[in-house]
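To keep things clear, I will list the structure first and then write my remarks on it.
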Amino acid sequence: MSALATPGRPPVVEPAGEPVIDVTSLGVSVGDLTLVEDVSFTIGRGERVGLIGESGSGKSLTGLALLGLLPDDLRASGSVRLSAPGGLDITTATERELTRIRGRDVAMVFQEPMTALNPTMKVGDQVAEALLVHQTVTDRRAADRRAVELLTDVRLADPADVARAYPHQLSGGQRQRVVLAIALANDPALLVCDEPTTALDVTVQALVLDLVVRGVEARDAALLLITHDLAVVATTCERVLVMYGGRIVEAGPVDQVFTRPRHRYTAGLVAASDLTRLDGRGRLSTIPGTVPPAGGFPDGCVFRTRCAHASDECAVAPPWTGTDDGHGYACYHPAGAPRDDRDHSTSDDAVASDGLVAGATETSDAMGAARPARVAAAISVRDVTREFVRARRSLTGPKPVVRALRGASFEVQPGERFGIVGESGCGKSTLLRILGGLDQPTSGAVVIEGTEIGSLPERRLRFLRERLQLMFQDPMGSLDPRMRVRDIVAEPLVAQRHPAPHERVAQLLTEVGLQPEAAHRYPHQFSGGQRQRISIARALAPRPGILLADEPVSALDVSVRAQVLNLISDLVDELDLTLVLVSHDLSVVRHLCDRVAVMSAGEIVEIGPTRQIWESPQHPYTQRLLAAVPTIAGGLGAARKRG
């Protein structure tokens, strides 16, 4: 496989098999603003290709352009040609022609299955509809039978019952498998998956990825997997395209691109994705700055404003170059170059330029033994249970009781970093809500800094609102879109009658790496990572002693994730906070926490120092969780064995 290039054009890597889709000089624009420019690649039959890059790099727009699904105000140029039917060019096809091929020749799995499914239709009817619309099956009964078969293929338990259910009655992982069944219903030649596993826990993610691979292999179909998770690409794909600033900056076999990246942006992504790689101060590698807004990318190399190695020559667009090993890159200072006139190791200046807190203290190895216990626990949980009573399923039957927590017990010492991991539905978030005083246990005791809170009414929880604060998973959902940042951050201070709340806001924004001018803007004017920083500022406003974080980085790019994790680690140390972190991402807990509790079906099945849990897990459930964690090294190793 070799990278083919022409002067001023990105390389097109030859596919391994018969071409299914040929993208040539694809551009996406709105008015005079260019969002995607000169993108070219080809995917062959049976080939699996990953498309990676940060949010705002143009990945999803490229995926939507392949199906002609761009919003009405966006215009596509160039060529997106399918091998069938008759070499249709999607960029110039009519809506009638596009309707005929969508779901039949090319299909898409979206990131959020709840928005992709019709909430008013039963699941089986939606799968059958995909068959009937394209006349793959003309008889309704045959379509219903085939729908159950497809739900069986994606390993849904009781597929006949699932077919009769509505989307809201299924879990996130079940809904994603339903969407996959619909996408594969008509045996498409190309399957496009846009972040299909971002919000899933590791075991469900592993299952969905396995189903995607098996589904395309069984149909000899091509796959384009769009994601910011490099480990997922290493596990699933054979070739990878790296995108930044609406352009492909590097392309080639996964093994070569991830182990010997040429473009500095690719090297930054690979480094930021490794949560075991720390510098001398215990900090993760990050890419300085953030992705510029559309239209804000510089001339020349689009990455040069964030690159620590940029020079004057980078202001001129470098030529695309093909190499024998399959890479295509455009970089005057490629990573791994045999000769370099500067020391490109990470310097203090480069680390500080990522916009995080200056003067951060060294962090200890989070995988080490737990910190020595102190006399009084910051948090004490004793045999806590939580039961929810649901509505009757029949007029005479009993009300079903769901046991979300089953006798959870543990202690967290002051200044400790404590992690809670487990699959979706295991009771993690329920436990965190009880710790935060947002819910009450059915039985058991919760003691926060010496005060039992389980039975206290809201009016007596004022001390808890001052001493304990929460960070939520989705900052866009937890920040009021009608309030300016200054009012959002000041809100807990105003509630506690702080004498100068807005003066404290400027200080807080600086502490979390934002400019004080950000106080006058609204949440929608920020990136996901910046919104999470605003959430952190709001949580720190009352100067709490305990910080509860519920999946704080699950939806962030690898580079932004590293920045936010560095920020949380710095602030926990500087402010001597006690941290309780809930996450389904075991690598995040491994990096950040001293001790970890593993939850399954409402019970804590294993608890201990992080290093001990990772190196010698005792419970079979913990062993399964750790085995399901995708890594770049593991994915590449498995690929070499298959090869």
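Letters for chains follow the order of the structure tokens (A, B, ...), residue numbers begin at 1 for each chain, and ligand numbers begin at 1 in the order shown.
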### Task
Show which residues sit within 6 Å of stretch 424-441 of chain A, as JSON, numbers by chain. Count only C-alpha atoms, and ignore same-chain residues fewer than 4 positions away.
{"A": [385, 386, 404, 405, 454, 600, 601, 602]}
### Message
Could you list, as a list in words, every residue within 7 Å of stretch 207-218 of chain A, counting only C-alpha atoms and ignoring same-chain residues fewer than 5 positions away?
### Response
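My list of contacting residues is Gly46, Val154, Arg177, Leu223 and Thr236 of chain A.
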### Query
Excluding same-chain residues fewer than 6 positions from A:Thr631, what lies within 8 Å of it counting only C-alpha atoms, as an MDAnalysis selection string?
chainID A and resid 231:232 234:235
Output all heavy atoms of each residue in that selection to a file, as a PDB file, in the first residue's frame.
ATOM      1  N   ALA A 231      -7.615   4.474  20.704  1.00  0.00           N
ATOM      2  CA  ALA A 231      -7.579   3.062  21.064  1.00  0.00           C
ATOM      3  C   ALA A 231      -8.669   2.288  20.333  1.00  0.00           C
ATOM      4  O   ALA A 231      -8.464   1.133  19.940  1.00  0.00           O
ATOM      5  CB  ALA A 231      -7.738   2.903  22.577  1.00  0.00           C
ATOM      6  N   VAL A 232      -9.827   2.907  20.140  1.00  0.00           N
ATOM      7  CA  VAL A 232     -10.916   2.265  19.391  1.00  0.00           C
ATOM      8  C   VAL A 232     -10.498   2.022  17.943  1.00  0.00           C
ATOM      9  O   VAL A 232     -10.756   0.962  17.367  1.00  0.00           O
ATOM     10  CB  VAL A 232     -12.193   3.128  19.456  1.00  0.00           C
ATOM     11  CG1 VAL A 232     -13.216   2.686  18.427  1.00  0.00           C
ATOM     12  CG2 VAL A 232     -12.788   3.079  20.859  1.00  0.00           C
ATOM     13  N   ALA A 234      -7.380   1.708  16.865  1.00  0.00           N
ATOM     14  CA  ALA A 234      -6.340   0.678  16.866  1.00  0.00           C
ATOM     15  C   ALA A 234      -6.934  -0.712  16.992  1.00  0.00           C
ATOM     16  O   ALA A 234      -6.420  -1.679  16.422  1.00  0.00           O
ATOM     17  CB  ALA A 234      -5.358   0.938  18.008  1.00  0.00           C
ATOM     18  N   THR A 235      -8.035  -0.826  17.733  1.00  0.00           N
ATOM     19  CA  THR A 235      -8.682  -2.112  17.944  1.00  0.00           C
ATOM     20  C   THR A 235      -9.485  -2.557  16.734  1.00  0.00           C
ATOM     21  O   THR A 235      -9.598  -3.752  16.471  1.00  0.00           O
ATOM     22  CB  THR A 235      -9.604  -2.032  19.178  1.00  0.00           C
ATOM     23  OG1 THR A 235      -8.849  -1.614  20.310  1.00  0.00           O
ATOM     24  CG2 THR A 235     -10.262  -3.363  19.479  1.00  0.00           C
TER      25      THR A 235
END
### Task
Work out how far apart atom CA of A:Ala116 and atom CA of A:Leu66 are and give it in Å to one decimal.
17.5 Å
### Query
Looking at A:Ile546, A:Val489, A:Ala181, A:Leu579, which one is nearest to A:Ala518, with distances taken over only C-alpha atoms?
A:Val489
### Message
Just want the 8 Å neighbourhood of A:Gln111, counted on only C-alpha atoms, with same-chain residues fewer than 6 positions away dropped. Output as a VMD selection string.
### Response
chain A and resid 193 to 198
Store the residues of this selection in a file with all heavy atoms, as a compact mmCIF listing (two decimals), in the first residue's frame.
# COMPACT_ATOMS: atom_id res chain seq x y z
N CYS A 193 -19.80 5.06 10.77
CA CYS A 193 -20.13 5.11 12.20
C CYS A 193 -19.51 6.38 12.79
O CYS A 193 -18.29 6.54 12.76
CB CYS A 193 -19.58 3.89 12.93
SG CYS A 193 -20.32 2.32 12.43
N ASP A 194 -20.34 7.26 13.31
CA ASP A 194 -19.88 8.53 13.87
C ASP A 194 -19.93 8.45 15.39
O ASP A 194 -21.00 8.55 16.00
CB ASP A 194 -20.75 9.67 13.36
CG ASP A 194 -20.21 11.04 13.76
OD1 ASP A 194 -19.13 11.09 14.38
OD2 ASP A 194 -20.86 12.05 13.47
N GLU A 195 -18.78 8.26 16.02
CA GLU A 195 -18.66 8.17 17.49
C GLU A 195 -19.69 7.20 18.06
O GLU A 195 -20.48 7.56 18.95
CB GLU A 195 -18.84 9.55 18.12
CG GLU A 195 -17.86 10.61 17.65
CD GLU A 195 -16.52 10.54 18.36
OE1 GLU A 195 -16.28 9.56 19.09
OE2 GLU A 195 -15.70 11.46 18.18
N PRO A 196 -19.72 5.94 17.61
CA PRO A 196 -20.80 5.04 18.03
C PRO A 196 -20.70 4.56 19.47
O PRO A 196 -21.66 3.99 19.99
CB PRO A 196 -20.66 3.87 17.05
CG PRO A 196 -19.20 3.84 16.72
CD PRO A 196 -18.78 5.29 16.69
N THR A 197 -19.55 4.74 20.13
CA THR A 197 -19.38 4.19 21.48
C THR A 197 -18.95 5.22 22.51
O THR A 197 -18.53 4.85 23.61
CB THR A 197 -18.32 3.06 21.45
OG1 THR A 197 -17.06 3.59 21.01
CG2 THR A 197 -18.74 1.94 20.52
N THR A 198 -19.07 6.51 22.20
CA THR A 198 -18.54 7.55 23.09
C THR A 198 -19.14 7.48 24.49
O THR A 198 -18.43 7.61 25.48
CB THR A 198 -18.80 8.94 22.48
OG1 THR A 198 -18.05 9.05 21.27
CG2 THR A 198 -18.36 10.04 23.43
### Message
List as a list of chain:residue names the protein and nucleic acid residues near A:Asp125, meaning an atom at most 12 Å away when only C-alpha atoms are counted, but skip any in the same chain fewer than 4 places from it.
### Response
A:Leu117, A:Asn118, A:Pro119, A:Thr120, A:Met121, A:Glu129, A:Ala130, A:Leu131, A:Leu132, A:Val133, A:Arg140, A:Arg141, A:Ala142, A:Ala143, A:Asp144, A:Arg145, A:Arg146, A:Ala147, A:Val148, A:Leu151, A:Ala160, A:Val162, A:Ala163, A:Arg164, A:Ala165, A:Tyr166, A:Pro167, A:Val178, A:Ile182
### Query
Using only C-alpha atoms, which of the listed residues (A:Leu575, A:Leu200, A:Val30, A:Leu540) sits closest to A:Glu112?
A:Leu200
### Summary
atom CA of A:Gly172 to atom CA of A:Leu150 measures 17.9 Å
### Spatial neighbours of stretch 77-94 of chain A, max dist 8 Å, only C-alpha atoms, sep filter under 2 positions, as a PyMOL selection string
chain A and resi 19-28+38+65-68+75+96-98+105
Save out the residues we just selected, all heavy atoms, as a tab-separated table (two decimals), in the first residue's frame.
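The resulting file, out.tsv, is reproduced below:
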chain	number	residue	atom	x	y	z
A	19	PRO	N	-12.61	-0.62	-4.87
A	19	PRO	CA	-13.10	0.63	-4.25
A	19	PRO	C	-14.62	0.64	-4.08
A	19	PRO	O	-15.35	0.28	-5.01
A	19	PRO	CB	-12.64	1.71	-5.23
A	19	PRO	CG	-11.53	1.09	-6.00
A	19	PRO	CD	-11.86	-0.37	-6.09
A	20	VAL	N	-15.07	1.03	-2.90
A	20	VAL	CA	-16.50	1.20	-2.64
A	20	VAL	C	-16.87	2.67	-2.75
A	20	VAL	O	-17.93	3.01	-3.29
A	20	VAL	CB	-16.86	0.64	-1.25
A	20	VAL	CG1	-18.29	1.03	-0.87
A	20	VAL	CG2	-16.71	-0.86	-1.22
A	21	ILE	N	-16.00	3.53	-2.23
A	21	ILE	CA	-16.25	4.97	-2.29
A	21	ILE	C	-14.94	5.69	-2.60
A	21	ILE	O	-13.89	5.33	-2.07
A	21	ILE	CB	-16.88	5.50	-0.98
A	21	ILE	CG1	-17.37	6.94	-1.16
A	21	ILE	CG2	-15.93	5.36	0.19
A	21	ILE	CD1	-18.32	7.39	-0.07
A	22	ASP	N	-15.02	6.67	-3.47
A	22	ASP	CA	-13.85	7.44	-3.90
A	22	ASP	C	-14.14	8.91	-3.66
A	22	ASP	O	-15.01	9.50	-4.32
A	22	ASP	CB	-13.56	7.17	-5.38
A	22	ASP	CG	-12.30	7.86	-5.87
A	22	ASP	OD1	-11.60	8.45	-5.02
A	22	ASP	OD2	-12.02	7.82	-7.08
A	23	VAL	N	-13.45	9.50	-2.68
A	23	VAL	CA	-13.64	10.91	-2.33
A	23	VAL	C	-12.48	11.70	-2.91
A	23	VAL	O	-11.31	11.41	-2.63
A	23	VAL	CB	-13.70	11.09	-0.80
A	23	VAL	CG1	-13.90	12.56	-0.44
A	23	VAL	CG2	-14.81	10.23	-0.20
A	24	THR	N	-12.81	12.70	-3.72
A	24	THR	CA	-11.78	13.49	-4.39
A	24	THR	C	-12.03	14.98	-4.16
A	24	THR	O	-13.09	15.49	-4.52
A	24	THR	CB	-11.75	13.21	-5.90
A	24	THR	OG1	-11.60	11.80	-6.11
A	24	THR	CG2	-10.59	13.94	-6.57
A	25	SER	N	-11.07	15.64	-3.55
A	25	SER	CA	-11.11	17.10	-3.33
A	25	SER	C	-12.43	17.56	-2.72
A	25	SER	O	-13.00	18.58	-3.13
A	25	SER	CB	-10.86	17.84	-4.66
A	25	SER	OG	-9.60	17.50	-5.18
A	26	LEU	N	-12.93	16.81	-1.75
A	26	LEU	CA	-14.18	17.18	-1.09
A	26	LEU	C	-14.01	18.48	-0.31
A	26	LEU	O	-13.05	18.66	0.45
A	26	LEU	CB	-14.62	16.07	-0.13
A	26	LEU	CG	-15.82	16.39	0.77
A	26	LEU	CD1	-17.09	16.58	-0.06
A	26	LEU	CD2	-16.02	15.30	1.82
A	27	GLY	N	-14.94	19.39	-0.50
A	27	GLY	CA	-14.99	20.63	0.27
A	27	GLY	C	-16.38	20.86	0.82
A	27	GLY	O	-17.37	20.45	0.20
A	28	VAL	N	-16.47	21.46	1.99
A	28	VAL	CA	-17.75	21.82	2.59
A	28	VAL	C	-17.64	23.28	3.02
A	28	VAL	O	-16.68	23.66	3.71
A	28	VAL	CB	-18.10	20.93	3.79
A	28	VAL	CG1	-19.40	21.40	4.44
A	28	VAL	CG2	-18.21	19.47	3.39
A	38	ASP	N	-10.46	20.16	0.38
A	38	ASP	CA	-9.55	19.31	-0.38
A	38	ASP	C	-9.29	17.96	0.30
A	38	ASP	O	-8.15	17.51	0.41
A	38	ASP	CB	-8.23	20.04	-0.62
A	38	ASP	CG	-7.60	19.62	-1.95
A	38	ASP	OD1	-8.30	18.99	-2.74
A	38	ASP	OD2	-6.43	19.95	-2.17
A	65	ALA	N	-21.30	14.32	4.63
A	65	ALA	CA	-21.20	14.57	3.19
A	65	ALA	C	-21.22	13.28	2.40
A	65	ALA	O	-21.67	13.25	1.24
A	65	ALA	CB	-19.92	15.36	2.89
A	66	LEU	N	-20.74	12.18	2.99
A	66	LEU	CA	-20.72	10.90	2.28
A	66	LEU	C	-22.12	10.36	2.04
A	66	LEU	O	-22.32	9.52	1.16
A	66	LEU	CB	-19.91	9.87	3.07
A	66	LEU	CG	-18.44	10.20	3.35
A	66	LEU	CD1	-17.72	8.98	3.90
A	66	LEU	CD2	-17.73	10.69	2.11
A	67	LEU	N	-23.09	10.81	2.83
A	67	LEU	CA	-24.47	10.38	2.65
A	67	LEU	C	-25.37	11.49	2.12
A	67	LEU	O	-26.58	11.32	2.03
A	67	LEU	CB	-25.06	9.86	3.97
A	67	LEU	CG	-24.63	8.46	4.42
A	67	LEU	CD1	-23.31	8.52	5.15
A	67	LEU	CD2	-25.69	7.81	5.28
A	68	GLY	N	-24.78	12.64	1.80
A	68	GLY	CA	-25.59	13.76	1.34
A	68	GLY	C	-26.51	14.28	2.41
A	68	GLY	O	-27.63	14.73	2.12
A	75	ARG	N	-22.78	23.70	1.68
A	75	ARG	CA	-22.62	23.28	0.27
A	75	ARG	C	-21.38	22.41	0.14
A	75	ARG	O	-20.32	22.73	0.66
A	75	ARG	CB	-22.49	24.51	-0.63
A	75	ARG	CG	-22.36	24.18	-2.12
A	75	ARG	CD	-22.34	25.47	-2.92
A	75	ARG	NE	-21.24	26.35	-2.51
A	75	ARG	CZ	-20.01	26.25	-3.00
A	75	ARG	NH1	-19.70	25.31	-3.87
A	75	ARG	NH2	-19.07	27.10	-2.59
A	96	ARG	N	-33.91	12.65	-4.62
A	96	ARG	CA	-34.57	11.38	-4.93
A	96	ARG	C	-33.53	10.27	-5.09
A	96	ARG	O	-33.73	9.15	-4.61
A	96	ARG	CB	-35.40	11.54	-6.21
A	96	ARG	CG	-36.23	10.30	-6.55
A	96	ARG	CD	-37.15	10.60	-7.72
A	96	ARG	NE	-37.99	9.45	-8.02
A	96	ARG	CZ	-38.92	9.44	-8.97
A	96	ARG	NH1	-39.14	10.54	-9.70
A	96	ARG	NH2	-39.65	8.37	-9.18
A	97	GLU	N	-32.43	10.58	-5.76
A	97	GLU	CA	-31.36	9.59	-5.92
A	97	GLU	C	-30.72	9.26	-4.58
A	97	GLU	O	-30.40	8.09	-4.30
A	97	GLU	CB	-30.30	10.12	-6.89
A	97	GLU	CG	-30.77	10.21	-8.33
A	97	GLU	CD	-29.76	10.90	-9.23
A	97	GLU	OE1	-29.10	11.87	-8.76
A	97	GLU	OE2	-29.62	10.47	-10.39
A	98	LEU	N	-30.54	10.27	-3.73
A	98	LEU	CA	-29.93	10.04	-2.43
A	98	LEU	C	-30.83	9.19	-1.53
A	98	LEU	O	-30.35	8.32	-0.81
A	98	LEU	CB	-29.62	11.38	-1.75
A	98	LEU	CG	-28.53	12.23	-2.39
A	98	LEU	CD1	-28.45	13.60	-1.73
A	98	LEU	CD2	-27.18	11.53	-2.30
A	105	ASP	N	-27.25	1.29	0.01
A	105	ASP	CA	-25.85	1.18	-0.44
A	105	ASP	C	-24.88	1.76	0.59
A	105	ASP	O	-23.74	1.33	0.67
A	105	ASP	CB	-25.67	1.89	-1.79
A	105	ASP	CG	-26.58	1.30	-2.85
A	105	ASP	OD1	-26.44	0.10	-3.13
A	105	ASP	OD2	-27.44	2.03	-3.38
### Message
Can you measure atom CA of A:Leu190 to atom CA of A:Val106 for me? One decimal in Å is fine.
### Response
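Taking atom CA of A:Leu190 and atom CA of A:Val106, their separation equals 4.7 Å.
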### Query
Can you tell me, as a list in words, what residues are no more than 9 Å from A:Ala555 when counting only C-alpha atoms, ignoring any on the same chain fewer than 6 positions away?
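Near A:Ala555, the qualifying residues are Thr198, Ala199, Gln473, Asp474, Gly528 and Arg561 of chain A.
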For the residues selected in the previous step, produce a file with N, CA and C atoms as a PDB file, in the first residue's frame.
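Final output, out.pdb:
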ATOM      1  N   THR A 198     -19.071   6.509  22.203  1.00  0.00           N
ATOM      2  CA  THR A 198     -18.544   7.550  23.090  1.00  0.00           C
ATOM      3  C   THR A 198     -19.138   7.482  24.490  1.00  0.00           C
ATOM      4  N   ALA A 199     -20.450   7.288  24.600  1.00  0.00           N
ATOM      5  CA  ALA A 199     -21.104   7.361  25.912  1.00  0.00           C
ATOM      6  C   ALA A 199     -21.293   5.987  26.558  1.00  0.00           C
ATOM      7  N   GLN A 473     -21.552  15.289  34.253  1.00  0.00           N
ATOM      8  CA  GLN A 473     -20.996  14.741  33.022  1.00  0.00           C
ATOM      9  C   GLN A 473     -21.133  15.696  31.850  1.00  0.00           C
ATOM     10  N   ASP A 474     -22.308  16.290  31.701  1.00  0.00           N
ATOM     11  CA  ASP A 474     -22.595  17.125  30.534  1.00  0.00           C
ATOM     12  C   ASP A 474     -22.653  18.585  30.959  1.00  0.00           C
ATOM     13  N   GLY A 528     -16.454  22.313  24.383  1.00  0.00           N
ATOM     14  CA  GLY A 528     -16.807  21.385  25.445  1.00  0.00           C
ATOM     15  C   GLY A 528     -15.829  21.419  26.607  1.00  0.00           C
ATOM     16  N   ARG A 561      -9.378  16.175  27.109  1.00  0.00           N
ATOM     17  CA  ARG A 561      -9.468  15.316  28.294  1.00  0.00           C
ATOM     18  C   ARG A 561      -8.202  15.414  29.130  1.00  0.00           C
TER      19      ARG A 561
END
### Task
Go through A:Leu74, A:Val485, A:Val572, A:Ala267 one by one, measure the shortest atom-to-atom distance of each to A:Phe526 using only C-alpha atoms, and give the residue with the smallest value.
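Once distances to A:Phe526 are computed over only C-alpha atoms, the minimum belongs to A:Val485.
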### Query
Smallest atom-to-atom distance to A:Arg264: which of A:Gly336, A:Gly280, A:Gly422, A:Pro293, using only C-alpha atoms?
A:Gly336
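Selecting strand (DSSP E or B) from the backbone DSSP output for stretch 93-199 of chain A yields Arg102, Val106, Ala107, Met108, Val109, Leu190, Leu191, Val192, Cys193 and Asp194 of chain A.
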